[in-house]
$ cat start-v1.csv   # CSV, C-alpha atoms
chain,number,residue,atom,x,y,z
Y,1355,MET,CA,-30.0,-7.6,-11.6
Y,1356,SER,CA,-26.9,-9.5,-12.5
Y,1357,ALA,CA,-23.8,-10.1,-10.5
Y,1358,ASP,CA,-21.7,-9.0,-13.6
Y,1359,LYS,CA,-23.4,-5.6,-13.9
Y,1360,ILE,CA,-22.9,-4.2,-10.4
Y,1361,PRO,CA,-19.4,-2.7,-9.9
Y,1362,ASP,CA,-17.3,-4.4,-7.2
Y,1363,ILE,CA,-16.8,-1.1,-5.4
Y,1364,ILE,CA,-20.6,-0.8,-4.8
Y,1365,ILE,CA,-20.7,-4.4,-3.6
Y,1366,GLY,CA,-17.9,-3.5,-1.2
Y,1367,ARG,CA,-20.0,-0.7,0.4
Y,1368,LEU,CA,-23.1,-2.9,1.0
Y,1369,PRO,CA,-21.6,-4.7,4.0
Y,1370,ILE,CA,-20.8,-1.2,5.5
Y,1371,TYR,CA,-24.4,-0.1,5.1
Y,1372,LEU,CA,-25.7,-3.4,6.5
Y,1373,ARG,CA,-23.4,-3.0,9.6
Y,1374,ALA,CA,-24.7,0.5,10.2
Y,1375,LEU,CA,-28.3,-0.6,9.8
Y,1376,GLN,CA,-27.8,-3.4,12.3
Y,1377,ARG,CA,-26.5,-0.7,14.7
Y,1378,LEU,CA,-29.6,1.4,14.2
Y,1379,ALA,CA,-31.8,-1.6,14.7
Y,1380,ASP,CA,-30.0,-2.6,17.9
Y,1381,SER,CA,-30.8,0.9,19.3
Y,1382,GLY,CA,-34.4,0.4,18.5
Y,1383,GLU,CA,-34.8,2.4,15.3
Y,1384,GLN,CA,-37.3,1.4,12.7
Y,1385,THR,CA,-36.6,3.8,9.8
Y,1386,THR,CA,-33.7,5.7,8.5
Y,1387,SER,CA,-32.7,8.1,5.7
Y,1388,SER,CA,-29.8,8.2,3.3
Y,1389,GLN,CA,-28.7,11.3,5.2
Y,1390,GLU,CA,-28.6,9.5,8.6
Y,1391,LEU,CA,-27.0,6.4,7.1
Y,1392,GLY,CA,-24.5,8.6,5.4
Y,1393,GLU,CA,-23.4,10.3,8.6
Y,1394,LEU,CA,-23.0,7.0,10.3
Y,1395,VAL,CA,-20.7,5.5,7.5
Y,1396,GLY,CA,-19.0,8.7,6.2
Y,1397,ILE,CA,-20.4,8.3,2.7
Y,1398,SER,CA,-22.6,10.9,1.0
Y,1399,ALA,CA,-26.4,10.5,1.0
Y,1400,ALA,CA,-26.5,10.7,-2.8
Y,1401,GLN,CA,-24.0,7.9,-3.1
Y,1402,ILE,CA,-25.9,5.7,-0.8
Y,1403,ARG,CA,-29.2,6.3,-2.6
Y,1404,LYS,CA,-27.5,5.6,-5.9
Y,1405,ASP,CA,-25.8,2.4,-4.6
Y,1406,ILE,CA,-29.0,1.0,-3.1
Y,1407,SER,CA,-31.1,1.9,-6.2
Y,1408,GLN,CA,-29.0,-0.4,-8.3
Y,1409,PHE,CA,-30.9,-3.3,-6.7
Y,1410,GLY,CA,-34.5,-1.9,-6.7
Y,1411,GLU,CA,-36.7,0.7,-5.1
Y,1412,PHE,CA,-36.2,0.1,-1.4
Y,1413,GLY,CA,-36.9,3.5,0.0
Y,1414,LYS,CA,-39.8,6.0,-0.2
Y,1415,GLN,CA,-39.4,9.7,-0.9
Y,1416,GLY,CA,-40.1,11.5,2.3
Y,1417,THR,CA,-40.3,8.5,4.6
Y,1418,GLY,CA,-36.9,7.0,3.9
Y,1419,TYR,CA,-36.0,3.4,4.4
Y,1420,SER,CA,-37.6,0.8,6.6
Y,1421,ILE,CA,-34.6,-0.6,8.5
Y,1422,PRO,CA,-35.8,-4.2,8.8
Y,1423,PHE,CA,-36.8,-4.3,5.1
Y,1424,LEU,CA,-33.5,-2.8,3.8
Y,1425,MET,CA,-31.5,-5.1,6.0
Y,1426,GLU,CA,-33.4,-8.1,4.7
Y,1427,LYS,CA,-32.8,-6.9,1.1
Y,1428,LEU,CA,-29.1,-6.3,1.7
Y,1429,ARG,CA,-28.7,-9.7,3.4
Y,1430,ASP,CA,-30.4,-11.3,0.5
Y,1431,ILE,CA,-28.2,-9.5,-2.1
Y,1432,LEU,CA,-25.0,-10.3,-0.1
Y,1433,LYS,CA,-26.3,-13.9,0.5
Y,1434,VAL,CA,-25.9,-13.6,4.2
Y,1435,ASP,CA,-29.5,-14.4,4.8
Y,1436,ARG,CA,-28.1,-17.8,5.6
Y,1437,VAL,CA,-25.1,-19.0,7.7
Y,1438,TRP,CA,-21.8,-19.8,5.8
Y,1439,GLU,CA,-19.5,-22.3,7.5
Y,1440,VAL,CA,-15.9,-21.1,7.5
Y,1441,VAL,CA,-12.5,-22.8,8.2
Y,1442,ILE,CA,-9.5,-21.1,9.7
Y,1443,VAL,CA,-6.0,-22.2,8.5
Y,1444,GLY,CA,-3.1,-21.3,10.7
Y,1445,MET,CA,-3.5,-21.0,14.5
Y,1446,GLY,CA,-1.0,-18.3,15.3
Y,1447,ASP,CA,-2.0,-15.0,17.0
Y,1448,ILE,CA,-4.4,-14.0,14.3
Y,1449,GLY,CA,-5.9,-17.5,13.9
Y,1450,HIS,CA,-6.5,-17.5,17.7
Y,1451,ALA,CA,-8.1,-14.1,17.7
Y,1452,LEU,CA,-10.5,-15.2,14.9
Y,1453,ALA,CA,-11.3,-18.5,16.6
Y,1454,HIS,CA,-12.3,-16.5,19.7
Y,1455,TYR,CA,-14.1,-13.7,17.9
Y,1456,ASN,CA,-17.8,-13.6,18.6
Y,1457,GLY,CA,-18.7,-11.2,15.9
Y,1458,PHE,CA,-19.3,-13.7,13.1
Y,1459,ASN,CA,-22.4,-15.4,14.4
Y,1460,ASN,CA,-25.3,-13.0,13.6
Y,1461,ARG,CA,-23.6,-11.6,10.5
Y,1462,GLY,CA,-23.8,-14.8,8.3
Y,1463,PHE,CA,-20.7,-16.8,9.3
Y,1464,HIS,CA,-19.8,-19.6,11.6
Y,1465,VAL,CA,-16.3,-21.0,12.2
Y,1466,ASN,CA,-16.6,-24.8,11.6
Y,1467,MET,CA,-13.0,-26.1,11.7
Y,1468,VAL,CA,-9.5,-24.8,12.5
Y,1469,PHE,CA,-6.3,-26.2,11.1
Y,1470,ASP,CA,-2.5,-26.0,11.7
Y,1471,ASN,CA,0.4,-28.1,10.7
Y,1472,ASP,CA,2.4,-27.7,13.9
Y,1473,PRO,CA,2.4,-31.0,15.9
Y,1474,LYS,CA,2.5,-28.9,19.1
Y,1475,LYS,CA,-0.8,-27.4,18.2
Y,1476,VAL,CA,-2.7,-30.2,16.5
Y,1477,GLY,CA,-5.1,-31.9,18.9
Y,1478,HIS,CA,-5.1,-29.0,21.3
Y,1479,LYS,CA,-8.1,-26.8,22.0
Y,1480,VAL,CA,-8.4,-23.2,20.9
Y,1481,GLY,CA,-11.6,-21.8,22.3
Y,1482,ASP,CA,-14.3,-24.3,21.3
Y,1483,PHE,CA,-12.2,-25.8,18.6
Y,1484,GLU,CA,-9.8,-28.8,18.5
Y,1485,VAL,CA,-7.0,-27.8,16.2
Y,1486,LEU,CA,-7.0,-30.3,13.2
Y,1487,ASP,CA,-4.0,-31.5,11.3
Y,1488,ALA,CA,-3.5,-29.5,8.1
Y,1489,ALA,CA,-2.3,-32.8,6.5
Y,1490,GLY,CA,-5.9,-34.0,6.4
Y,1491,MET,CA,-7.4,-30.6,5.4
Y,1492,ILE,CA,-8.3,-31.2,1.8
Y,1493,GLU,CA,-10.4,-34.3,2.6
Y,1494,LYS,CA,-12.0,-32.7,5.6
Y,1495,ILE,CA,-13.1,-29.6,3.7
Y,1496,LYS,CA,-14.2,-31.6,0.7
Y,1497,GLY,CA,-16.4,-33.8,2.8
Y,1498,SER,CA,-17.9,-30.8,4.6
Y,1499,ARG,CA,-18.7,-28.8,1.4
Y,1500,ILE,CA,-17.4,-25.6,3.1
Y,1501,LYS,CA,-16.6,-22.8,0.6
Y,1502,ILE,CA,-14.9,-20.1,2.7
Y,1503,ALA,CA,-11.5,-20.0,4.4
Y,1504,MET,CA,-9.6,-17.5,6.5
Y,1505,LEU,CA,-5.9,-17.9,5.8
Y,1506,CYS,CA,-3.7,-17.0,8.7
Y,1507,VAL,CA,-0.4,-18.7,7.9
Y,1508,PRO,CA,3.0,-17.0,7.4
Y,1509,ALA,CA,3.7,-15.4,4.1
Y,1510,THR,CA,6.1,-18.2,3.1
Y,1511,SER,CA,3.3,-20.8,3.4
Y,1512,ALA,CA,0.4,-18.8,2.1
Y,1513,GLN,CA,0.5,-19.9,-1.6
Y,1514,ASP,CA,0.9,-23.5,-0.7
Y,1515,ALA,CA,-1.9,-23.4,1.7
Y,1516,ALA,CA,-4.1,-21.5,-0.8
Y,1517,ASP,CA,-3.4,-24.2,-3.4
Y,1518,HIS,CA,-4.6,-26.8,-0.9
Y,1519,LEU,CA,-7.7,-24.8,-0.2
Y,1520,VAL,CA,-8.5,-24.5,-3.9
Y,1521,LYS,CA,-8.1,-28.3,-4.3
Y,1522,ALA,CA,-10.5,-28.7,-1.4
Y,1523,GLY,CA,-13.2,-26.7,-3.2
Y,1524,ILE,CA,-12.8,-23.4,-1.3
Y,1525,LYS,CA,-14.2,-20.5,-3.4
Y,1526,ALA,CA,-13.5,-17.5,-1.1
Y,1527,ILE,CA,-10.3,-16.8,0.8
Y,1528,LEU,CA,-9.9,-14.1,3.4
Y,1529,ASN,CA,-6.1,-13.8,3.3
Y,1530,TYR,CA,-4.3,-12.4,6.4
Y,1531,ALA,CA,-0.9,-13.5,5.1
Y,1532,PRO,CA,1.0,-10.4,3.9
Y,1533,ILE,CA,1.4,-11.6,0.4
Y,1534,SER,CA,-0.7,-11.8,-2.8
Y,1535,ILE,CA,-1.8,-15.3,-3.7
Y,1536,ASN,CA,-2.7,-16.7,-7.1
Y,1537,VAL,CA,-5.9,-18.6,-7.4
Y,1538,PRO,CA,-8.2,-19.6,-10.3
Y,1539,HIS,CA,-10.6,-17.0,-11.6
Y,1540,ASP,CA,-13.6,-18.5,-9.9
Y,1541,VAL,CA,-12.0,-18.2,-6.4
Y,1542,LYS,CA,-12.4,-14.8,-4.7
Y,1543,VAL,CA,-9.7,-13.4,-2.4
Y,1544,GLN,CA,-9.9,-10.5,0.0
Y,1545,TYR,CA,-6.8,-9.2,1.8
Y,1546,ILE,CA,-6.3,-8.1,5.4
Y,1547,ASP,CA,-2.8,-6.7,5.9
Y,1548,PRO,CA,-2.5,-3.9,8.5
Y,1549,VAL,CA,0.6,-2.6,6.8
Y,1550,THR,CA,-1.0,-1.9,3.4
Y,1551,HIS,CA,-3.8,-0.2,5.2
Y,1552,LEU,CA,-1.4,1.9,7.2
Y,1553,GLN,CA,0.7,2.8,4.1
Y,1554,ARG,CA,-2.5,3.9,2.4
Y,1555,MET,CA,-2.9,6.5,5.1
Y,1556,THR,CA,0.7,7.8,5.5
Y,1557,TYR,CA,0.5,9.0,1.9
Y,1558,TYR,CA,-1.9,11.7,3.2
Y,1559,LEU,CA,0.0,12.6,6.4
L,1154,MET,CA,2.3,15.7,-8.3
L,1155,SER,CA,-0.3,16.7,-5.7
L,1156,ALA,CA,-2.0,14.6,-3.1
L,1157,ASP,CA,-5.4,15.9,-4.3
L,1158,LYS,CA,-5.0,14.8,-7.9
L,1159,ILE,CA,-4.2,11.1,-7.5
L,1160,PRO,CA,-7.4,9.0,-7.0
L,1161,ASP,CA,-7.5,7.2,-3.6
L,1162,ILE,CA,-8.0,3.9,-5.4
L,1163,ILE,CA,-4.5,4.2,-7.0
L,1164,ILE,CA,-2.9,5.1,-3.7
L,1165,GLY,CA,-4.5,2.0,-2.3
L,1166,ARG,CA,-2.7,-0.2,-4.9
L,1167,LEU,CA,0.7,1.2,-4.3
L,1168,PRO,CA,1.3,-0.7,-1.0
L,1169,ILE,CA,0.4,-3.9,-2.8
L,1170,TYR,CA,3.0,-3.2,-5.5
L,1171,LEU,CA,5.6,-2.3,-2.9
L,1172,ARG,CA,4.9,-5.5,-1.0
L,1173,ALA,CA,5.3,-7.6,-4.2
L,1174,LEU,CA,8.5,-5.7,-5.1
L,1175,GLN,CA,9.9,-6.5,-1.6
L,1176,ARG,CA,9.2,-10.1,-2.2
L,1177,LEU,CA,11.0,-10.0,-5.5
L,1178,ALA,CA,13.9,-8.2,-3.9
L,1179,ASP,CA,14.0,-10.8,-1.1
L,1180,SER,CA,14.5,-13.5,-3.7
L,1181,GLY,CA,17.4,-11.6,-5.2
L,1182,GLU,CA,15.7,-10.0,-8.3
L,1183,GLN,CA,17.0,-6.7,-9.5
L,1184,THR,CA,14.5,-5.8,-12.3
L,1185,THR,CA,10.9,-6.6,-13.0
L,1186,SER,CA,8.2,-5.9,-15.6
L,1187,SER,CA,4.6,-4.7,-15.3
L,1188,GLN,CA,3.7,-8.2,-16.6
L,1189,GLU,CA,5.6,-10.0,-13.8
L,1190,LEU,CA,4.3,-7.6,-11.2
L,1191,GLY,CA,0.8,-8.0,-12.5
L,1192,GLU,CA,0.9,-11.8,-12.2
L,1193,LEU,CA,2.2,-11.5,-8.6
L,1194,VAL,CA,-0.6,-9.1,-7.5
L,1195,GLY,CA,-3.5,-10.1,-9.8
L,1196,ILE,CA,-3.7,-6.7,-11.5
L,1197,SER,CA,-3.3,-6.1,-15.2
L,1198,ALA,CA,0.1,-4.9,-16.5
L,1199,ALA,CA,-1.6,-2.0,-18.2
L,1200,GLN,CA,-3.2,-0.9,-15.0
L,1201,ILE,CA,0.1,-1.1,-13.1
L,1202,ARG,CA,1.9,0.9,-15.8
L,1203,LYS,CA,-0.8,3.5,-15.7
L,1204,ASP,CA,-0.8,3.7,-11.9
L,1205,ILE,CA,3.0,4.1,-11.6
L,1206,SER,CA,3.2,6.6,-14.5
L,1207,GLN,CA,1.0,9.0,-12.4
L,1208,PHE,CA,4.1,9.7,-10.4
L,1209,GLY,CA,6.8,9.9,-13.1
L,1210,GLU,CA,8.7,7.8,-15.6
L,1211,PHE,CA,10.1,5.1,-13.4
L,1212,GLY,CA,10.5,2.3,-16.0
L,1213,LYS,CA,12.1,1.9,-19.3
L,1214,GLN,CA,10.6,0.4,-22.5
L,1215,GLY,CA,12.2,-3.0,-23.0
L,1216,THR,CA,14.1,-3.2,-19.7
L,1217,GLY,CA,11.3,-2.7,-17.3
L,1218,TYR,CA,11.6,-1.4,-13.7
L,1219,SER,CA,14.7,-1.4,-11.5
L,1220,ILE,CA,13.3,-3.0,-8.3
L,1221,PRO,CA,15.4,-1.0,-5.8
L,1222,PHE,CA,14.7,2.2,-7.7
L,1223,LEU,CA,10.9,1.6,-7.9
L,1224,MET,CA,10.8,0.5,-4.3
L,1225,GLU,CA,12.6,3.7,-3.3
L,1226,LYS,CA,10.1,5.8,-5.3
L,1227,LEU,CA,7.0,4.0,-3.9
L,1228,ARG,CA,8.4,4.3,-0.3
L,1229,ASP,CA,9.0,8.0,-0.9
L,1230,ILE,CA,5.4,8.5,-2.4
L,1231,LEU,CA,3.8,6.6,0.5
L,1232,LYS,CA,6.1,8.3,3.0
L,1233,VAL,CA,7.3,5.0,4.4
L,1234,ASP,CA,10.9,6.0,3.6
L,1235,ARG,CA,10.9,6.7,7.4
L,1236,VAL,CA,9.6,4.9,10.5
L,1237,TRP,CA,6.2,5.9,11.8
L,1238,GLU,CA,5.6,5.3,15.5
L,1239,VAL,CA,2.2,3.8,16.2
L,1240,VAL,CA,0.0,3.2,19.3
L,1241,ILE,CA,-2.3,0.2,19.9
L,1242,VAL,CA,-5.5,0.9,21.8
L,1243,GLY,CA,-7.3,-2.1,23.3
L,1244,MET,CA,-5.4,-5.2,24.3
L,1245,GLY,CA,-7.9,-7.9,23.5
L,1246,ASP,CA,-7.1,-10.8,21.1
L,1247,ILE,CA,-6.4,-8.5,18.1
L,1248,GLY,CA,-4.4,-6.0,20.1
L,1249,HIS,CA,-2.3,-8.9,21.4
L,1250,ALA,CA,-1.8,-10.2,17.9
L,1251,LEU,CA,-0.7,-6.8,16.6
L,1252,ALA,CA,1.6,-6.2,19.6
L,1253,HIS,CA,3.3,-9.5,18.7
L,1254,TYR,CA,3.4,-9.0,15.0
L,1255,ASN,CA,6.9,-8.7,13.6
L,1256,GLY,CA,5.8,-7.6,10.1
L,1257,PHE,CA,5.7,-3.8,10.8
L,1258,ASN,CA,9.4,-3.1,11.3
L,1259,ASN,CA,10.9,-3.1,7.8
L,1260,ARG,CA,7.7,-1.7,6.3
L,1261,GLY,CA,7.7,1.8,7.8
L,1262,PHE,CA,6.0,1.3,11.2
L,1263,HIS,CA,7.0,0.6,14.8
L,1264,VAL,CA,4.6,0.0,17.7
L,1265,ASN,CA,5.6,2.5,20.4
L,1266,MET,CA,2.9,2.2,23.1
L,1267,VAL,CA,-0.1,0.0,23.9
L,1268,PHE,CA,-3.1,1.0,26.0
L,1269,ASP,CA,-6.1,-0.6,27.7
L,1270,ASN,CA,-8.6,0.6,30.3
L,1271,ASP,CA,-8.9,-2.7,32.1
L,1272,PRO,CA,-7.2,-2.6,35.5
L,1273,LYS,CA,-6.4,-6.3,35.2
L,1274,LYS,CA,-4.3,-5.6,32.1
L,1275,VAL,CA,-2.8,-2.2,32.9
L,1276,GLY,CA,0.8,-2.6,34.1
L,1277,HIS,CA,1.2,-6.1,32.7
L,1278,LYS,CA,3.4,-7.0,29.8
L,1279,VAL,CA,2.2,-7.9,26.4
L,1280,GLY,CA,5.3,-9.0,24.4
L,1281,ASP,CA,7.8,-6.2,24.8
L,1282,PHE,CA,5.2,-3.7,25.9
L,1283,GLU,CA,3.9,-2.7,29.3
L,1284,VAL,CA,0.1,-2.0,28.9
L,1285,LEU,CA,-0.5,1.7,29.8
L,1286,ASP,CA,-3.6,3.0,31.4
L,1287,ALA,CA,-6.0,4.5,28.8
L,1288,ALA,CA,-6.9,7.2,31.3
L,1289,GLY,CA,-3.5,8.9,30.6
L,1290,MET,CA,-3.6,8.2,26.8
L,1291,ILE,CA,-4.2,11.7,25.6
L,1292,GLU,CA,-1.3,13.2,27.4
L,1293,LYS,CA,1.1,10.4,26.6
L,1294,ILE,CA,0.3,10.5,22.9
L,1295,LYS,CA,0.4,14.3,22.8
L,1296,GLY,CA,3.8,14.3,24.4
L,1297,SER,CA,5.1,11.7,22.0
L,1298,ARG,CA,3.8,13.5,18.8
L,1299,ILE,CA,2.7,10.1,17.5
L,1300,LYS,CA,0.2,10.4,14.6
L,1301,ILE,CA,-1.0,6.9,14.0
L,1302,ALA,CA,-3.2,4.5,16.1
L,1303,MET,CA,-4.6,1.0,15.7
L,1304,LEU,CA,-7.9,0.9,17.4
L,1305,CYS,CA,-8.8,-2.6,18.7
L,1306,VAL,CA,-11.5,-1.9,21.3
L,1307,PRO,CA,-15.1,-3.3,21.3
L,1308,ALA,CA,-17.6,-1.6,18.9
L,1309,THR,CA,-19.4,0.0,21.9
L,1310,SER,CA,-16.2,1.9,23.0
L,1311,ALA,CA,-14.8,2.7,19.5
L,1312,GLN,CA,-16.3,6.2,19.0
L,1313,ASP,CA,-15.3,7.3,22.4
L,1314,ALA,CA,-11.7,6.0,22.0
L,1315,ALA,CA,-11.5,7.6,18.6
L,1316,ASP,CA,-12.6,10.9,20.1
L,1317,HIS,CA,-9.8,10.6,22.6
L,1318,LEU,CA,-7.3,9.8,19.9
L,1319,VAL,CA,-8.3,12.8,17.8
L,1320,LYS,CA,-7.9,15.0,20.9
L,1321,ALA,CA,-4.4,13.5,21.3
L,1322,GLY,CA,-3.5,14.7,17.8
L,1323,ILE,CA,-3.8,11.3,16.0
L,1324,LYS,CA,-4.2,11.8,12.3
L,1325,ALA,CA,-4.6,8.2,11.0
L,1326,ILE,CA,-6.6,5.4,12.6
L,1327,LEU,CA,-6.7,1.8,11.6
L,1328,ASN,CA,-10.0,0.7,13.0
L,1329,TYR,CA,-10.5,-3.0,13.9
L,1330,ALA,CA,-13.7,-2.3,15.8
L,1331,PRO,CA,-16.7,-3.5,13.7
L,1332,ILE,CA,-18.3,0.0,13.5
L,1333,SER,CA,-17.9,3.1,11.5
L,1334,ILE,CA,-16.4,6.0,13.4
L,1335,ASN,CA,-16.8,9.7,12.9
L,1336,VAL,CA,-13.7,11.9,12.9
L,1337,PRO,CA,-12.7,15.3,11.5
L,1338,HIS,CA,-11.9,15.6,7.8
L,1339,ASP,CA,-8.2,15.8,8.4
L,1340,VAL,CA,-8.1,12.4,10.2
L,1341,LYS,CA,-7.8,9.4,7.9
L,1342,VAL,CA,-9.5,6.1,8.9
L,1343,GLN,CA,-9.1,2.6,7.4
L,1344,TYR,CA,-11.2,-0.3,8.5
L,1345,ILE,CA,-10.4,-3.9,9.1
L,1346,ASP,CA,-13.5,-6.0,9.7
L,1347,PRO,CA,-13.3,-9.6,8.7
L,1348,VAL,CA,-17.1,-9.8,8.3
L,1349,THR,CA,-17.4,-7.0,5.8
L,1350,HIS,CA,-14.6,-8.6,3.8
L,1351,LEU,CA,-16.4,-12.0,3.9
L,1352,GLN,CA,-19.7,-10.5,3.0
L,1353,ARG,CA,-18.1,-8.9,0.0
L,1354,MET,CA,-17.2,-12.3,-1.3
L,1355,THR,CA,-20.4,-14.2,-0.5
L,1356,TYR,CA,-22.2,-11.9,-3.0
L,1357,TYR,CA,-20.2,-13.8,-5.7
L,1358,LEU,CA,-20.7,-17.3,-4.4

$ encode --input "start-v1.csv" --output "structure tokens"
Amino acid sequence: MSADKIPDIIIGRLPIYLRALQRLADSGEQTTSSQELGELVGISAAQIRKDISQFGEFGKQGTGYSIPFLMEKLRDILKVDRVWEVVIVGMGDIGHALAHYNGFNNRGFHVNMVFDNDPKKVGHKVGDFEVLDAAGMIEKIKGSRIKIAMLCVPATSAQDAADHLVKAGIKAILNYAPISINVPHDVKVQYIDPVTHLQRMTYYL
Amino acid sequence: MSADKIPDIIIGRLPIYLRALQRLADSGEQTTSSQELGELVGISAAQIRKDISQFGEFGKQGTGYSIPFLMEKLRDILKVDRVWEVVIVGMGDIGHALAHYNGFNNRGFHVNMVFDNDPKKVGHKVGDFEVLDAAGMIEKIKGSRIKIAMLCVPATSAQDAADHLVKAGIKAILNYAPISINVPHDVKVQYIDPVTHLQRMTYYL
């Protein structure tokens, strides 16, 4: 199995499957079927079987999937069988919400540092974190070998901040700023913009 | 042009194009090309031409696209040539951030009401909004004819809240709760879960 061969759209569904499996595990289930999983995530059983079979034979005809086994495999494939340290850049409302969010920890991520360039925020606490000065961001991230950032600055600062993150060695950016950013090919970007998600739905209304 | 015929993945890219066109318009540009747009959004010029041509002939060989004209067409296609009223359900950190967010207004959306079921929050102000009691949510939404909700409650309450929203006549839910929800076929759901976005990137690291 090679990273180049699996379509990105399939990779995008694996975290959804993993999240649903975690939910089943939390409620004490040991096995599941592609039908049950499909009902939980709103994807057809056939599609789920096809997606999962890209990576090997993880289920058995008739008995379905072992939940702990399939979770282990998906975590391994998605590389969240470890904990990734993450930085947050921009301590506005969204940065605050992410700094307080307790949903990262058992899903493979841990917020390590938070940055802002506002002197009124630098040095103050947000949740468990002291807000660090963005002026020293490149050195701090380089020294820490952190590879993942959540970018929560205004649209006007997003490209500049992204350039700094790339210089610091960041290889994956979750961009909350409502603007597309340009990064080198070896840096991954995912976007979270509520308006683009809303506009995608109004088309159908 | 029929809603059934255009693949959802194309519809999903139109808001990205619209956002980039707005940016060009804000900086005073009048025309653009699929090349320029492609560089802004990280999508190939050929793909952009193909996507846009699904809806008609909006550009001219050699002169490219008129930005105001293409924006008007995209707004029309996405039905954001009007303002959609939206409710927020759940006034935790994310609900707060959304209630304060000023990026909805000129992109087709306006927050109309915010709800929570916590007596400590109900009746208090969040930004411009008085937090309304979720117990009266169905009637209030029904009376208002609002069709869109942003769901920001904990995972454990999300399905229950979604059921209430469906009963209230909501047809599009932007779900921030980290769990898949089941809704009737005529209700659209989009998901914002930072962890699934992060996991989609770690695969490539």

$ atom_distance --input "start-v1.csv" --atom1 "CA of Val1441 in chain Y" --atom2 "CA of Val1465 in chain Y"
5.8 Å

$ atom_distance --input "start-v1.csv" --atom1 "CA of Glu1225 in chain L" --atom2 "CA of Arg1298 in chain L"
25.7 Å

$ residues_near_point --input "start-v1.csv" --point "(-3.3, -21.5, 13.1)" --cutoff "9 Å" --atoms "only C-alpha atoms" --output "MDAnalysis selection string"
chainID Y and resid 1442:1450 1468:1472 1475 1485 1505:1507

$ atom_distance --input "start-v1.csv" --atom1 "CA of Arg1353 in chain L" --atom2 "CA of Gly1366 in chain Y"
5.5 Å

$ closest_residue --input "start-v1.csv" --among "L:Asn1255, L:Ser1297, L:Ser1206, L:Gln1188" --to "chain Y" --atoms "all atoms listed in the file"
L:Asn1255

$ closest_residue --input "start-v1.csv" --among "Y:Val1520, Y:Ile1370, Y:Ile1421, Y:Ala1489" --to "Val1348 in chain L" --atoms "all atoms listed in the file"
Y:Ile1370

$ closest_atom_pairs --input "start-v1.csv" --of "chain L" --to "chain Y" --cutoff "7 Å" --atoms "all atoms listed in the file" --output "JSON lines"
{"residue": "L:Ala1156", "atom": "CA", "partner": "Y:Tyr1558", "partner_atom": "CA", "distance": 6.9}
{"residue": "L:Ile1164", "atom": "CA", "partner": "Y:Arg1554", "partner_atom": "CA", "distance": 6.2}
{"residue": "L:Gly1165", "atom": "CA", "partner": "Y:Arg1554", "partner_atom": "CA", "distance": 5.4}
{"residue": "L:Pro1168", "atom": "CA", "partner": "Y:Thr1550", "partner_atom": "CA", "distance": 5.1}
{"residue": "L:Ile1169", "atom": "CA", "partner": "Y:Thr1550", "partner_atom": "CA", "distance": 6.7}
{"residue": "L:Leu1193", "atom": "CA", "partner": "Y:Ser1534", "partner_atom": "CA", "distance": 6.5}
{"residue": "L:Val1194", "atom": "CA", "partner": "Y:Ser1534", "partner_atom": "CA", "distance": 5.4}
{"residue": "L:Ile1230", "atom": "CA", "partner": "Y:Tyr1557", "partner_atom": "CA", "distance": 6.5}
{"residue": "L:Leu1231", "atom": "CA", "partner": "Y:Tyr1557", "partner_atom": "CA", "distance": 4.3}
{"residue": "L:Lys1232", "atom": "CA", "partner": "Y:Tyr1557", "partner_atom": "CA", "distance": 5.7}
{"residue": "L:Val1233", "atom": "CA", "partner": "Y:Gln1553", "partner_atom": "CA", "distance": 7.0}
{"residue": "L:Asp1246", "atom": "CA", "partner": "Y:Ala1451", "partner_atom": "CA", "distance": 4.8}
{"residue": "L:Ile1247", "atom": "CA", "partner": "Y:Ala1451", "partner_atom": "CA", "distance": 5.9}
{"residue": "L:Ala1250", "atom": "CA", "partner": "Y:Asp1447", "partner_atom": "CA", "distance": 4.9}
{"residue": "L:Phe1257", "atom": "CA", "partner": "Y:Val1549", "partner_atom": "CA", "distance": 6.6}
{"residue": "L:Ala1325", "atom": "CA", "partner": "Y:Met1555", "partner_atom": "CA", "distance": 6.4}
{"residue": "L:Leu1327", "atom": "CA", "partner": "Y:Leu1552", "partner_atom": "CA", "distance": 6.9}
{"residue": "L:Ser1333", "atom": "CA", "partner": "Y:Val1395", "partner_atom": "CA", "distance": 5.4}
{"residue": "L:Lys1341", "atom": "CA", "partner": "Y:Met1555", "partner_atom": "CA", "distance": 6.3}
{"residue": "L:Gln1343", "atom": "CA", "partner": "Y:His1551", "partner_atom": "CA", "distance": 6.4}
{"residue": "L:Ile1345", "atom": "CA", "partner": "Y:Ile1546", "partner_atom": "CA", "distance": 6.9}
{"residue": "L:Val1348", "atom": "CA", "partner": "Y:Phe1458", "partner_atom": "CA", "distance": 6.6}
{"residue": "L:Thr1349", "atom": "CA", "partner": "Y:Pro1369", "partner_atom": "CA", "distance": 5.1}
{"residue": "L:His1350", "atom": "CA", "partner": "Y:Gln1544", "partner_atom": "CA", "distance": 6.3}
{"residue": "L:Leu1351", "atom": "CA", "partner": "Y:Leu1528", "partner_atom": "CA", "distance": 6.8}
{"residue": "L:Gln1352", "atom": "CA", "partner": "Y:Leu1432", "partner_atom": "CA", "distance": 6.1}
{"residue": "L:Arg1353", "atom": "CA", "partner": "Y:Gly1366", "partner_atom": "CA", "distance": 5.5}
{"residue": "L:Met1354", "atom": "CA", "partner": "Y:Ala1526", "partner_atom": "CA", "distance": 6.4}
{"residue": "L:Thr1355", "atom": "CA", "partner": "Y:Lys1433", "partner_atom": "CA", "distance": 6.0}
{"residue": "L:Tyr1356", "atom": "CA", "partner": "Y:Leu1432", "partner_atom": "CA", "distance": 4.3}
